[in-house]
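*Asks:* First the structure, which I've put down as structure tokens, then a few questions once you've had a look.
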Amino acid sequence: MNRALTMHDLVLAGIAAAAGLLLAFLSRTVLRWLAKHAKRTRWSGDDVIVDALRSVVPWAAIAGGAAAAAAVLPLTRTVRHHTDQFLEVWLILVVTVSAARVIAGLVQSVTQSRSGVAGSATIFVNITRVLVLAIGFLVVLQTLGVSIAPLLTALGVGGLAVALALQDTLANLFAGIHILASKTVQPGDYIRLSSGEEGYVVDINWRQTTVRQLSNNLVVIPNGQLAKTNMTNYTRPEQQLTILVQVGVSYDSDLDHVERVTHEVLAETMTGVAGAVPDHEPAIRFHTFGDSRIGFTVILGVGEFSDQYRIKHEFIKSLHRRYRAEGIRIPSPVRTVALQQGAVVIPQQRSGEEPAPAVSE
């Protein structure tokens with residue numbers, strides 16, 4: 001110390017520290033009020049910014065009070081240097097963590113707004129967070145007087161060995177970045193792989209893609225495997241899609257009457273069932289003279305992939321009920337048997353049935 005510590009010095013230091021604590025409390029109260037108003041806005045970015053300020057501003061106020069208290073105390077040059085250095089590192093760490101939270105939150109907000117159905121692409125969020133924290137760590141080392149040039153050189157030399165040891169991990173990382181950058185798959189999309197897995201994409205992180213099946217089970221797929229496999233995306237380029245329902249009526253039916261009745265049932269289904277697309281123009285196309293029926297296809301529009309099951313369910317029930325009321329017959333499977341001398345021969349057979357053996361008389 002350059003001079004003896006007095007009561008006046010302690011009082012001033014206490015006032016400075018108390019002022020820092022009071023400022024931290026007031027700033028936290030004001031920011032809590034701002035957070036309530038930020039939640040009322042449509043943009044989620046202001047929520048992220050206010051939340052980060054709630055963590056950085058009070059700590060900065062406390063650090064400022066501590067610095068002011070240290071300034072009024074008769075400290076030696078060495079103690080003052082270490083005190084200032086500690087407070088500076090403290091502020092850098094607080095600002096770095098808050099900046100990482102803000103930038104990662106903004107990236108997540110952007111990815112969610114562009115991905116659609118409440119998706120999350122944590123690969124971009126994690127990469128952003130790691131980069132900001134790494135920059136803050138290098139600034140702290142530079143502040144402490146540690147030269148970062150040898151560290152960067154060592155990282156460059158050791159990067160080759162790390163890349164060789166983490167080939168699969170890096171392949172999945174870059175595959176995930178490529179998938180998201182090309183926009184072939186985004187969180188919220190419904191996909192089906194050639195290997196049979198299908199469901200909604202929940203998340204794409206640095207190593208794997210998580211898919212939630214309709215049974216609510218999670219399927220974890222490495223990003224490298226997802227990038228190589230054949231895949232059908234039922235959400236892109238449009239979420240709405242068409243589905244086909246196969247129907248058949250007997251040969252003695254009036255096809256114009258069948259078409260008119262089916263159109264009426266189809267219109268009722270499109271306007272009365274959730275998930276249907278009323279603006280989609282339905283279509284009925286006769287296509288086959290079958291063994292016992294005339295087959296036709298009904299084309300319906302649905303809002304998304306999972307809606308088709310409910311719409312098919314309601315449409316088939318309504319169509320069956322209306323056909324019975326109109327006297328339109330849906331024939332049962334029929335087999336034609338021809339009798340010949342010495343054996344019973346079956347010349348015609350419906351597809352999917354096993355052949356019956358000839359019966360000798």
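Quick note on naming: the chains in the structure tokens go A, B, ... in the order shown, residues restart at 1 in each chain, and ligands are numbered from 1 in order of appearance.
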Skip Glu326 of chain A itself and residues of its chain fewer than 6 positions away, then list as a PDB file with C-alpha atoms, in the first residue's frame all residues within 10 Å of it, counting only C-alpha atoms.

*Replies:*
ATOM      1  CA  HIS A 257     -75.269 -42.248 -61.274  1.00  0.00           C
ATOM      2  CA  VAL A 258     -72.260 -43.740 -59.488  1.00  0.00           C
ATOM      3  CA  VAL A 261     -73.225 -39.899 -55.969  1.00  0.00           C
ATOM      4  CA  HIS A 320     -70.502 -47.150 -48.179  1.00  0.00           C
TER       5      HIS A 320
END

*Asks:* Name all residues at most 10 Å from Arg285 of chain A (count only C-alpha atoms; drop same-chain ones fewer than 3 positions away) and give them as a list in words.

*Replies:*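 So, after excluding close chain neighbours, the residues are Gln246, Glu259, Thr288, Gly295, Phe296, Thr297, Val298 and Ile299 of chain A.
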
*Asks:* Among segment 93-312 of chain A, which residues does DSSP mark as strand (DSSP E or B) when it is run on the backbone? Keep the chain and numbering as in the structure and answer as a ChimeraX atom specification.

*Replies:* /A:120,190-193,198-204,208-212,218-222,231-233,241-249,276,283-289,294-302

*Asks:* So, counting only C-alpha atoms, which residue among A:Phe315, A:Phe289, A:Phe305, A:Tyr251 is closest to Gly272 of chain A?

*Replies:*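 Ranking A:Phe315, A:Phe289, A:Phe305, A:Tyr251 by distance to Gly272 of chain A, first place goes to A:Phe315.
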
*Asks:* For a quick check of understanding, using only C-alpha atoms, which of A:Ser27, A:Ser147, A:Thr83, A:Thr78 has the smallest distance to Ala66 of chain A?

*Replies:*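 Checking each candidate against Ala66 of chain A, we get A:Thr83 as the closest.
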